[in-house]
Amino acid sequence: MYRLHKFLWELRRNPDLAERFRADPDQTMRDYGLDDEEVRAIKEKDFSKLYRAGVNPYILLFGAVHMGVPRQEYYERVRSGS
Amino acid sequence: MGKIVGAFATSHSPGITGFPEMANEEQRNNVYRAFERVRRELEAARPDAIVCVSVEHFTSFFLNNYPAFCIGIADSYIGPPTPEFERFLRVESRTFPGHAALGNELLRFAYRSGFDPSFSSGDMAFDENFCVPFHFLLPGDDLVPLVPIIVNGVQPPLPTRRRCYEFGRMLARAIETQTVAERVVVLATGGLSHWVGAPESGQIDTEWDRRVMDLLSQGRGEEIADWSDEEVAAAGNGAEEIRTWLILAGAVHGRKFRFHAYEPVPPWLTGTAVASVEL
């Protein structure tokens, strides 16, 4: 789960990574070392699952915001599976 | 010999500056008036340095090496660090002067006293932890030099609350012993109950907040140091920031907190409190 945390954290610090992610999320996440489940959950914005899997909620929220997800939508999604 | 000439604690919700219009007017005004009161008290204390204690939200540190405690010994600090962060908090980025000499004195005293905080000589940026309270408390350009102290309240395992209280007691001795800053203000920021990034976000545990404030008001903050982990976790991941208040409570051991405002503001996601300590 460290790679996932680092990916989400780096999205807001590394404009190049953020740009590559927007252009080709699948490949960018795979290149970064995320596994299939992580790639799927991020692509589907399944923040509820990621939260329940133990992703740090601060890092998850900030990562989501830097993926272009409005805060309100993040909170709706993180609540959706609970 | 140094002296603690002022001791204050405030919440630091991004909403206080970033989306104030979402709170109802009366609550917002109460919080703003309380900050204004603390600003006046802080100025009247004429500090040579401010030791500011908070958490940080992965703005400077990451999981590759997360400190339980970190003392800033840099000459300066920037906050907020990016244009996006400025827009989010609606505060302009500023460079804050650091009191490197005092930071070093506190750090060395800590090591001699059985505490082993990490240190930061540069690149520690401020997020809402300090940018929100300083927006109100340090509005001018003539800035008092700072020693920021960061405690981990964001990624378990967290340092025990007892350790935080004892860190605060050590901090008071360190301030009294050093000779580079005569008049020192200690400011803690964080809490009270809230959830960040979690399904419960927007809930506020007013009962928990009142228990915390009752004890602090009676000079009995030390008792919170020995609450169970579950008792604190039940008030949200953000409630873990109570560690910053406990460091302050340890530094003013037994003194009473006076609360100028307490407003549970769901759109700001926090039980928002502003307090001074009766020294």
# chains A, B, ... in the order shown; residues from 1 in each chain; ligands from 1
call {"tool": "interface_residues", "arguments": {"of": "chain B", "to": "chain A", "cutoff": "10 Å", "atoms": "only C-alpha atoms", "output": "ChimeraX atom specification"}}
result
/B:57-59,62-64,82,84,154-156,195-202,237-238
call {"tool": "closest_residue", "arguments": {"among": "B:Leu89, B:Phe136, B:Met22, B:Leu143", "to": "B:Arg37", "atoms": "only C-alpha atoms"}}
result
B:Phe136
call {"tool": "residues_around", "arguments": {"residues": "B:Arg94", "least_positions_apart": "5", "cutoff": "8 Å", "atoms": "only C-alpha atoms", "output": "list in words"}}
result
Ile78, Gly79 and Pro80 of chain B
call {"tool": "write_last_selection", "arguments": {"atoms": "N, CA, C and O atoms", "output": "PDB file, in the first residue's frame"}}
result
ATOM      1  N   ILE B  78       7.804  28.739   4.553  1.00  0.00           N
ATOM      2  CA  ILE B  78       6.852  29.288   3.588  1.00  0.00           C
ATOM      3  C   ILE B  78       5.485  28.650   3.808  1.00  0.00           C
ATOM      4  O   ILE B  78       5.376  27.464   4.111  1.00  0.00           O
ATOM      5  N   GLY B  79       4.446  29.444   3.652  1.00  0.00           N
ATOM      6  CA  GLY B  79       3.115  28.879   3.722  1.00  0.00           C
ATOM      7  C   GLY B  79       2.059  29.870   3.264  1.00  0.00           C
ATOM      8  O   GLY B  79       2.182  31.053   3.560  1.00  0.00           O
ATOM      9  N   PRO B  80       1.042  29.410   2.547  1.00  0.00           N
ATOM     10  CA  PRO B  80       0.939  28.074   1.931  1.00  0.00           C
ATOM     11  C   PRO B  80       1.962  27.927   0.801  1.00  0.00           C
ATOM     12  O   PRO B  80       2.348  28.928   0.206  1.00  0.00           O
TER      13      PRO B  80
END
call {"tool": "residues_around", "arguments": {"residues": "B:Ala273", "least_positions_apart": "2", "cutoff": "7 Å", "atoms": "only C-alpha atoms", "output": "PyMOL selection string"}}
result
chain B and resi 10-11+192+261-263+271+275
call {"tool": "closest_residue", "arguments": {"among": "A:Lys43, A:Pro15, A:Val55, A:Met1", "to": "A:Gln27", "atoms": "only C-alpha atoms"}}
result
A:Lys43
call {"tool": "atom_distance", "arguments": {"atom1": "atom CA of B:Gly122", "atom2": "atom CA of B:Ala249"}}
result
27.8 Å
call {"tool": "closest_residue", "arguments": {"among": "B:Ala68, B:Ala45, B:Leu269, B:Ala34", "to": "B:Ser13", "atoms": "only C-alpha atoms"}}
result
B:Leu269
call {"tool": "atom_distance", "arguments": {"atom1": "atom CA of B:Thr206", "atom2": "atom CA of B:Glu36"}}
result
23.6 Å
call {"tool": "select_by_dssp", "arguments": {"residues": "stretch 43-135 of chain B", "states": "helix (DSSP H, G or I)", "output": "ChimeraX atom specification"}}
result
/B:43-44,83-89,100-112,128-135
call {"tool": "write_last_selection", "arguments": {"atoms": "N, CA and C atoms", "output": "mmCIF file, in the first residue's frame"}}
result
data_model
loop_
_atom_site.group_PDB
_atom_site.id
_atom_site.type_symbol
_atom_site.label_atom_id
_atom_site.label_comp_id
_atom_site.auth_asym_id
_atom_site.auth_seq_id
_atom_site.Cartn_x
_atom_site.Cartn_y
_atom_site.Cartn_z
ATOM 1 N N GLU B 43 -0.165 40.183 20.970
ATOM 2 C CA GLU B 43 0.624 41.405 20.760
ATOM 3 C C GLU B 43 1.021 42.034 22.084
ATOM 4 N N ALA B 44 0.083 42.022 23.035
ATOM 5 C CA ALA B 44 0.371 42.618 24.344
ATOM 6 C C ALA B 44 1.477 41.846 25.071
ATOM 7 N N PRO B 83 0.228 27.814 -5.261
ATOM 8 C CA PRO B 83 -0.943 28.645 -5.630
ATOM 9 C C PRO B 83 -2.266 27.927 -5.363
ATOM 10 N N GLU B 84 -2.310 26.600 -5.608
ATOM 11 C CA GLU B 84 -3.555 25.858 -5.340
ATOM 12 C C GLU B 84 -3.911 25.951 -3.861
ATOM 13 N N PHE B 85 -2.874 25.809 -3.024
ATOM 14 C CA PHE B 85 -3.096 25.852 -1.579
ATOM 15 C C PHE B 85 -3.537 27.253 -1.147
ATOM 16 N N GLU B 86 -2.961 28.281 -1.788
ATOM 17 C CA GLU B 86 -3.382 29.657 -1.485
ATOM 18 C C GLU B 86 -4.860 29.843 -1.792
ATOM 19 N N ARG B 87 -5.270 29.303 -2.955
ATOM 20 C CA ARG B 87 -6.676 29.458 -3.341
ATOM 21 C C ARG B 87 -7.589 28.691 -2.397
ATOM 22 N N PHE B 88 -7.146 27.494 -1.999
ATOM 23 C CA PHE B 88 -7.965 26.663 -1.114
ATOM 24 C C PHE B 88 -8.165 27.347 0.249
ATOM 25 N N LEU B 89 -7.104 27.891 0.792
ATOM 26 C CA LEU B 89 -7.193 28.526 2.116
ATOM 27 C C LEU B 89 -7.578 30.005 2.023
ATOM 28 N N ALA B 100 16.021 30.305 14.433
ATOM 29 C CA ALA B 100 16.861 29.100 14.368
ATOM 30 C C ALA B 100 17.621 28.864 15.680
ATOM 31 N N ALA B 101 18.073 29.948 16.292
ATOM 32 C CA ALA B 101 18.853 29.787 17.530
ATOM 33 C C ALA B 101 17.989 29.167 18.625
ATOM 34 N N LEU B 102 16.758 29.668 18.748
ATOM 35 C CA LEU B 102 15.862 29.097 19.761
ATOM 36 C C LEU B 102 15.519 27.649 19.407
ATOM 37 N N GLY B 103 15.257 27.390 18.131
ATOM 38 C CA GLY B 103 14.967 26.016 17.712
ATOM 39 C C GLY B 103 16.085 25.068 18.116
ATOM 40 N N ASN B 104 17.317 25.504 17.877
ATOM 41 C CA ASN B 104 18.470 24.675 18.247
ATOM 42 C C ASN B 104 18.567 24.462 19.757
ATOM 43 N N GLU B 105 18.310 25.518 20.508
ATOM 44 C CA GLU B 105 18.362 25.388 21.973
ATOM 45 C C GLU B 105 17.309 24.388 22.460
ATOM 46 N N LEU B 106 16.099 24.489 21.906
ATOM 47 C CA LEU B 106 15.020 23.585 22.331
ATOM 48 C C LEU B 106 15.355 22.143 21.939
ATOM 49 N N LEU B 107 15.904 21.995 20.741
ATOM 50 C CA LEU B 107 16.259 20.658 20.254
ATOM 51 C C LEU B 107 17.311 20.012 21.153
ATOM 52 N N ARG B 108 18.357 20.764 21.451
ATOM 53 C CA ARG B 108 19.437 20.213 22.283
ATOM 54 C C ARG B 108 18.949 19.904 23.689
ATOM 55 N N PHE B 109 18.085 20.777 24.209
ATOM 56 C CA PHE B 109 17.524 20.517 25.533
ATOM 57 C C PHE B 109 16.701 19.238 25.506
ATOM 58 N N ALA B 110 15.944 19.047 24.434
ATOM 59 C CA ALA B 110 15.131 17.825 24.306
ATOM 60 C C ALA B 110 16.032 16.589 24.347
ATOM 61 N N TYR B 111 17.111 16.620 23.574
ATOM 62 C CA TYR B 111 18.014 15.458 23.536
ATOM 63 C C TYR B 111 18.625 15.193 24.907
ATOM 64 N N ARG B 112 18.947 16.254 25.627
ATOM 65 C CA ARG B 112 19.529 16.075 26.968
ATOM 66 C C ARG B 112 18.493 15.585 27.969
ATOM 67 N N GLU B 128 -2.630 24.424 6.442
ATOM 68 C CA GLU B 128 -3.618 25.084 7.302
ATOM 69 C C GLU B 128 -3.170 25.106 8.758
ATOM 70 N N ASN B 129 -2.258 24.196 9.118
ATOM 71 C CA ASN B 129 -1.818 24.103 10.511
ATOM 72 C C ASN B 129 -1.475 25.469 11.101
ATOM 73 N N PHE B 130 -0.689 26.253 10.343
ATOM 74 C CA PHE B 130 -0.312 27.577 10.843
ATOM 75 C C PHE B 130 -0.863 28.716 9.983
ATOM 76 N N CYS B 131 -1.080 28.452 8.692
ATOM 77 C CA CYS B 131 -1.530 29.552 7.834
ATOM 78 C C CYS B 131 -2.895 30.071 8.253
ATOM 79 N N VAL B 132 -3.778 29.172 8.702
ATOM 80 C CA VAL B 132 -5.109 29.633 9.110
ATOM 81 C C VAL B 132 -5.034 30.480 10.381
ATOM 82 N N PRO B 133 -4.447 29.984 11.472
ATOM 83 C CA PRO B 133 -4.385 30.857 12.658
ATOM 84 C C PRO B 133 -3.538 32.113 12.464
ATOM 85 N N PHE B 134 -2.424 32.017 11.718
ATOM 86 C CA PHE B 134 -1.575 33.201 11.545
ATOM 87 C C PHE B 134 -2.249 34.265 10.682
ATOM 88 N N HIS B 135 -3.183 33.849 9.845
ATOM 89 C CA HIS B 135 -3.944 34.834 9.075
ATOM 90 C C HIS B 135 -4.581 35.853 10.023
#
call {"tool": "residues_around", "arguments": {"residues": "B:Phe257", "least_positions_apart": "2", "cutoff": "7 Å", "atoms": "only C-alpha atoms", "output": "number ranges by chain"}}
result
B: 216-217, 219, 255, 259, 275-278
call {"tool": "residues_around", "arguments": {"residues": "A:Glu38", "least_positions_apart": "5", "cutoff": "10 Å", "atoms": "only C-alpha atoms", "output": "MDAnalysis selection string"}}
result
chainID A and resid 1 3:4 29:30 33 43:44 46 49:50
call {"tool": "write_last_selection", "arguments": {"atoms": "C-alpha atoms", "output": "PDB file, in the first residue's frame"}}
result
ATOM      1  CA  MET A   1       0.000   0.000   0.000  1.00  0.00           C
ATOM      2  CA  ARG A   3       3.205   2.720  -3.518  1.00  0.00           C
ATOM      3  CA  LEU A   4      -0.439   3.734  -3.610  1.00  0.00           C
ATOM      4  CA  MET A  29      -0.464   3.866 -12.487  1.00  0.00           C
ATOM      5  CA  ARG A  30       0.973   0.575 -13.732  1.00  0.00           C
ATOM      6  CA  GLY A  33       3.818   0.010  -9.535  1.00  0.00           C
ATOM      7  CA  LYS A  43     -10.128   4.682 -12.038  1.00  0.00           C
ATOM      8  CA  GLU A  44     -13.608   4.029 -10.667  1.00  0.00           C
ATOM      9  CA  ASP A  46     -13.991   3.910  -5.421  1.00  0.00           C
ATOM     10  CA  LYS A  49     -13.175   0.841  -0.844  1.00  0.00           C
ATOM     11  CA  LEU A  50      -9.789   2.522  -0.628  1.00  0.00           C
TER      12      LEU A  50
END
call {"tool": "decode", "arguments": {"residues": "stretch 24-74 of chain A", "atoms": "N, CA and C atoms", "output": "PDB file, in the first residue's frame"}}
result
ATOM      1  N   ASP A  24      -3.056   9.302 -19.496  1.00  0.00           N
ATOM      2  CA  ASP A  24      -3.157   7.843 -19.577  1.00  0.00           C
ATOM      3  C   ASP A  24      -3.104   7.245 -18.176  1.00  0.00           C
ATOM      4  N   PRO A  25      -4.261   7.281 -17.495  1.00  0.00           N
ATOM      5  CA  PRO A  25      -4.260   6.845 -16.094  1.00  0.00           C
ATOM      6  C   PRO A  25      -3.774   5.395 -15.921  1.00  0.00           C
ATOM      7  N   ASP A  26      -4.253   4.492 -16.760  1.00  0.00           N
ATOM      8  CA  ASP A  26      -3.891   3.078 -16.625  1.00  0.00           C
ATOM      9  C   ASP A  26      -2.382   2.871 -16.649  1.00  0.00           C
ATOM     10  N   GLN A  27      -1.808   3.342 -17.739  1.00  0.00           N
ATOM     11  CA  GLN A  27      -0.380   3.107 -17.930  1.00  0.00           C
ATOM     12  C   GLN A  27       0.449   3.802 -16.851  1.00  0.00           C
ATOM     13  N   THR A  28       0.026   5.018 -16.509  1.00  0.00           N
ATOM     14  CA  THR A  28       0.785   5.790 -15.510  1.00  0.00           C
ATOM     15  C   THR A  28       0.775   5.071 -14.163  1.00  0.00           C
ATOM     16  N   MET A  29      -0.379   4.550 -13.780  1.00  0.00           N
ATOM     17  CA  MET A  29      -0.464   3.866 -12.487  1.00  0.00           C
ATOM     18  C   MET A  29       0.301   2.544 -12.511  1.00  0.00           C
ATOM     19  N   ARG A  30       0.227   1.842 -13.630  1.00  0.00           N
ATOM     20  CA  ARG A  30       0.973   0.575 -13.732  1.00  0.00           C
ATOM     21  C   ARG A  30       2.481   0.823 -13.695  1.00  0.00           C
ATOM     22  N   ASP A  31       2.897   1.850 -14.456  1.00  0.00           N
ATOM     23  CA  ASP A  31       4.319   2.193 -14.443  1.00  0.00           C
ATOM     24  C   ASP A  31       4.775   2.534 -13.023  1.00  0.00           C
ATOM     25  N   TYR A  32       3.860   3.104 -12.255  1.00  0.00           N
ATOM     26  CA  TYR A  32       4.196   3.527 -10.895  1.00  0.00           C
ATOM     27  C   TYR A  32       4.280   2.332  -9.947  1.00  0.00           C
ATOM     28  N   GLY A  33       3.730   1.213 -10.368  1.00  0.00           N
ATOM     29  CA  GLY A  33       3.818   0.010  -9.535  1.00  0.00           C
ATOM     30  C   GLY A  33       2.553  -0.322  -8.767  1.00  0.00           C
ATOM     31  N   LEU A  34       1.422   0.282  -9.157  1.00  0.00           N
ATOM     32  CA  LEU A  34       0.172  -0.059  -8.477  1.00  0.00           C
ATOM     33  C   LEU A  34      -0.374  -1.373  -9.031  1.00  0.00           C
ATOM     34  N   ASP A  35      -1.054  -2.140  -8.181  1.00  0.00           N
ATOM     35  CA  ASP A  35      -1.579  -3.428  -8.642  1.00  0.00           C
ATOM     36  C   ASP A  35      -2.961  -3.241  -9.273  1.00  0.00           C
ATOM     37  N   ASP A  36      -3.497  -4.323  -9.849  1.00  0.00           N
ATOM     38  CA  ASP A  36      -4.742  -4.246 -10.619  1.00  0.00           C
ATOM     39  C   ASP A  36      -5.888  -3.666  -9.804  1.00  0.00           C
ATOM     40  N   GLU A  37      -6.008  -4.135  -8.564  1.00  0.00           N
ATOM     41  CA  GLU A  37      -7.097  -3.675  -7.706  1.00  0.00           C
ATOM     42  C   GLU A  37      -6.989  -2.175  -7.439  1.00  0.00           C
ATOM     43  N   GLU A  38      -5.780  -1.725  -7.191  1.00  0.00           N
ATOM     44  CA  GLU A  38      -5.557  -0.305  -6.907  1.00  0.00           C
ATOM     45  C   GLU A  38      -5.869   0.538  -8.145  1.00  0.00           C
ATOM     46  N   VAL A  39      -5.423   0.070  -9.291  1.00  0.00           N
ATOM     47  CA  VAL A  39      -5.684   0.788 -10.539  1.00  0.00           C
ATOM     48  C   VAL A  39      -7.185   0.878 -10.779  1.00  0.00           C
ATOM     49  N   ARG A  40      -7.863  -0.246 -10.573  1.00  0.00           N
ATOM     50  CA  ARG A  40      -9.313  -0.268 -10.793  1.00  0.00           C
ATOM     51  C   ARG A  40     -10.022   0.702  -9.832  1.00  0.00           C
ATOM     52  N   ALA A  41      -9.665   0.621  -8.563  1.00  0.00           N
ATOM     53  CA  ALA A  41     -10.338   1.451  -7.555  1.00  0.00           C
ATOM     54  C   ALA A  41     -10.125   2.942  -7.837  1.00  0.00           C
ATOM     55  N   ILE A  42      -8.925   3.315  -8.228  1.00  0.00           N
ATOM     56  CA  ILE A  42      -8.658   4.734  -8.528  1.00  0.00           C
ATOM     57  C   ILE A  42      -9.447   5.155  -9.768  1.00  0.00           C
ATOM     58  N   LYS A  43      -9.423   4.324 -10.802  1.00  0.00           N
ATOM     59  CA  LYS A  43     -10.128   4.682 -12.038  1.00  0.00           C
ATOM     60  C   LYS A  43     -11.616   4.845 -11.812  1.00  0.00           C
ATOM     61  N   GLU A  44     -12.167   3.970 -10.948  1.00  0.00           N
ATOM     62  CA  GLU A  44     -13.608   4.029 -10.667  1.00  0.00           C
ATOM     63  C   GLU A  44     -13.939   5.000  -9.542  1.00  0.00           C
ATOM     64  N   LYS A  45     -12.925   5.689  -9.055  1.00  0.00           N
ATOM     65  CA  LYS A  45     -13.096   6.624  -7.922  1.00  0.00           C
ATOM     66  C   LYS A  45     -13.795   5.930  -6.756  1.00  0.00           C
ATOM     67  N   ASP A  46     -13.377   4.693  -6.500  1.00  0.00           N
ATOM     68  CA  ASP A  46     -13.991   3.910  -5.421  1.00  0.00           C
ATOM     69  C   ASP A  46     -13.297   4.260  -4.112  1.00  0.00           C
ATOM     70  N   PHE A  47     -13.527   5.492  -3.654  1.00  0.00           N
ATOM     71  CA  PHE A  47     -12.833   5.972  -2.463  1.00  0.00           C
ATOM     72  C   PHE A  47     -13.305   5.260  -1.209  1.00  0.00           C
ATOM     73  N   SER A  48     -14.541   4.776  -1.250  1.00  0.00           N
ATOM     74  CA  SER A  48     -15.055   4.033  -0.099  1.00  0.00           C
ATOM     75  C   SER A  48     -14.218   2.772   0.123  1.00  0.00           C
ATOM     76  N   LYS A  49     -13.961   2.069  -0.961  1.00  0.00           N
ATOM     77  CA  LYS A  49     -13.175   0.841  -0.844  1.00  0.00           C
ATOM     78  C   LYS A  49     -11.740   1.141  -0.395  1.00  0.00           C
ATOM     79  N   LEU A  50     -11.162   2.167  -0.977  1.00  0.00           N
ATOM     80  CA  LEU A  50      -9.789   2.522  -0.628  1.00  0.00           C
ATOM     81  C   LEU A  50      -9.698   2.955   0.836  1.00  0.00           C
ATOM     82  N   TYR A  51     -10.710   3.710   1.272  1.00  0.00           N
ATOM     83  CA  TYR A  51     -10.744   4.137   2.672  1.00  0.00           C
ATOM     84  C   TYR A  51     -10.816   2.914   3.594  1.00  0.00           C
ATOM     85  N   ARG A  52     -11.722   2.004   3.241  1.00  0.00           N
ATOM     86  CA  ARG A  52     -11.900   0.809   4.079  1.00  0.00           C
ATOM     87  C   ARG A  52     -10.682  -0.102   4.028  1.00  0.00           C
ATOM     88  N   ALA A  53      -9.938  -0.022   2.937  1.00  0.00           N
ATOM     89  CA  ALA A  53      -8.726  -0.836   2.831  1.00  0.00           C
ATOM     90  C   ALA A  53      -7.580  -0.256   3.669  1.00  0.00           C
ATOM     91  N   GLY A  54      -7.811   0.941   4.220  1.00  0.00           N
ATOM     92  CA  GLY A  54      -6.798   1.487   5.121  1.00  0.00           C
ATOM     93  C   GLY A  54      -5.918   2.569   4.522  1.00  0.00           C
ATOM     94  N   VAL A  55      -6.316   3.104   3.364  1.00  0.00           N
ATOM     95  CA  VAL A  55      -5.556   4.231   2.820  1.00  0.00           C
ATOM     96  C   VAL A  55      -5.746   5.430   3.763  1.00  0.00           C
ATOM     97  N   ASN A  56      -4.665   6.111   4.051  1.00  0.00           N
ATOM     98  CA  ASN A  56      -4.753   7.271   4.940  1.00  0.00           C
ATOM     99  C   ASN A  56      -5.767   8.274   4.379  1.00  0.00           C
ATOM    100  N   PRO A  57      -6.788   8.649   5.170  1.00  0.00           N
ATOM    101  CA  PRO A  57      -7.854   9.493   4.630  1.00  0.00           C
ATOM    102  C   PRO A  57      -7.401  10.883   4.199  1.00  0.00           C
ATOM    103  N   TYR A  58      -6.382  11.429   4.831  1.00  0.00           N
ATOM    104  CA  TYR A  58      -5.866  12.725   4.383  1.00  0.00           C
ATOM    105  C   TYR A  58      -5.253  12.577   2.988  1.00  0.00           C
ATOM    106  N   ILE A  59      -4.421  11.564   2.840  1.00  0.00           N
ATOM    107  CA  ILE A  59      -3.738  11.364   1.561  1.00  0.00           C
ATOM    108  C   ILE A  59      -4.738  11.008   0.469  1.00  0.00           C
ATOM    109  N   LEU A  60      -5.754  10.234   0.838  1.00  0.00           N
ATOM    110  CA  LEU A  60      -6.781   9.844  -0.131  1.00  0.00           C
ATOM    111  C   LEU A  60      -7.573  11.068  -0.599  1.00  0.00           C
ATOM    112  N   LEU A  61      -7.990  11.891   0.352  1.00  0.00           N
ATOM    113  CA  LEU A  61      -8.752  13.100   0.009  1.00  0.00           C
ATOM    114  C   LEU A  61      -7.928  14.035  -0.867  1.00  0.00           C
ATOM    115  N   PHE A  62      -6.685  14.309  -0.455  1.00  0.00           N
ATOM    116  CA  PHE A  62      -5.862  15.243  -1.231  1.00  0.00           C
ATOM    117  C   PHE A  62      -5.569  14.672  -2.615  1.00  0.00           C
ATOM    118  N   GLY A  63      -5.316  13.366  -2.678  1.00  0.00           N
ATOM    119  CA  GLY A  63      -5.060  12.724  -3.962  1.00  0.00           C
ATOM    120  C   GLY A  63      -6.267  12.861  -4.873  1.00  0.00           C
ATOM    121  N   ALA A  64      -7.454  12.640  -4.306  1.00  0.00           N
ATOM    122  CA  ALA A  64      -8.683  12.745  -5.096  1.00  0.00           C
ATOM    123  C   ALA A  64      -8.842  14.155  -5.649  1.00  0.00           C
ATOM    124  N   VAL A  65      -8.600  15.138  -4.800  1.00  0.00           N
ATOM    125  CA  VAL A  65      -8.734  16.536  -5.231  1.00  0.00           C
ATOM    126  C   VAL A  65      -7.786  16.812  -6.397  1.00  0.00           C
ATOM    127  N   HIS A  66      -6.592  16.248  -6.330  1.00  0.00           N
ATOM    128  CA  HIS A  66      -5.624  16.489  -7.401  1.00  0.00           C
ATOM    129  C   HIS A  66      -5.866  15.624  -8.625  1.00  0.00           C
ATOM    130  N   MET A  67      -6.786  14.658  -8.504  1.00  0.00           N
ATOM    131  CA  MET A  67      -7.255  13.938  -9.684  1.00  0.00           C
ATOM    132  C   MET A  67      -8.405  14.707 -10.339  1.00  0.00           C
ATOM    133  N   GLY A  68      -8.794  15.806  -9.717  1.00  0.00           N
ATOM    134  CA  GLY A  68      -9.861  16.616 -10.288  1.00  0.00           C
ATOM    135  C   GLY A  68     -11.231  16.332  -9.699  1.00  0.00           C
ATOM    136  N   VAL A  69     -11.271  15.578  -8.598  1.00  0.00           N
ATOM    137  CA  VAL A  69     -12.555  15.255  -7.967  1.00  0.00           C
ATOM    138  C   VAL A  69     -12.904  16.352  -6.957  1.00  0.00           C
ATOM    139  N   PRO A  70     -14.047  17.009  -7.107  1.00  0.00           N
ATOM    140  CA  PRO A  70     -14.437  18.020  -6.120  1.00  0.00           C
ATOM    141  C   PRO A  70     -14.607  17.385  -4.737  1.00  0.00           C
ATOM    142  N   ARG A  71     -14.313  18.170  -3.709  1.00  0.00           N
ATOM    143  CA  ARG A  71     -14.406  17.647  -2.337  1.00  0.00           C
ATOM    144  C   ARG A  71     -15.770  17.033  -2.043  1.00  0.00           C
ATOM    145  N   GLN A  72     -16.813  17.741  -2.478  1.00  0.00           N
ATOM    146  CA  GLN A  72     -18.167  17.254  -2.205  1.00  0.00           C
ATOM    147  C   GLN A  72     -18.367  15.862  -2.803  1.00  0.00           C
ATOM    148  N   GLU A  73     -17.899  15.678  -4.026  1.00  0.00           N
ATOM    149  CA  GLU A  73     -18.037  14.367  -4.674  1.00  0.00           C
ATOM    150  C   GLU A  73     -17.196  13.325  -3.945  1.00  0.00           C
ATOM    151  N   TYR A  74     -16.004  13.714  -3.520  1.00  0.00           N
ATOM    152  CA  TYR A  74     -15.175  12.774  -2.759  1.00  0.00           C
ATOM    153  C   TYR A  74     -15.956  12.252  -1.551  1.00  0.00           C
TER     154      TYR A  74
END
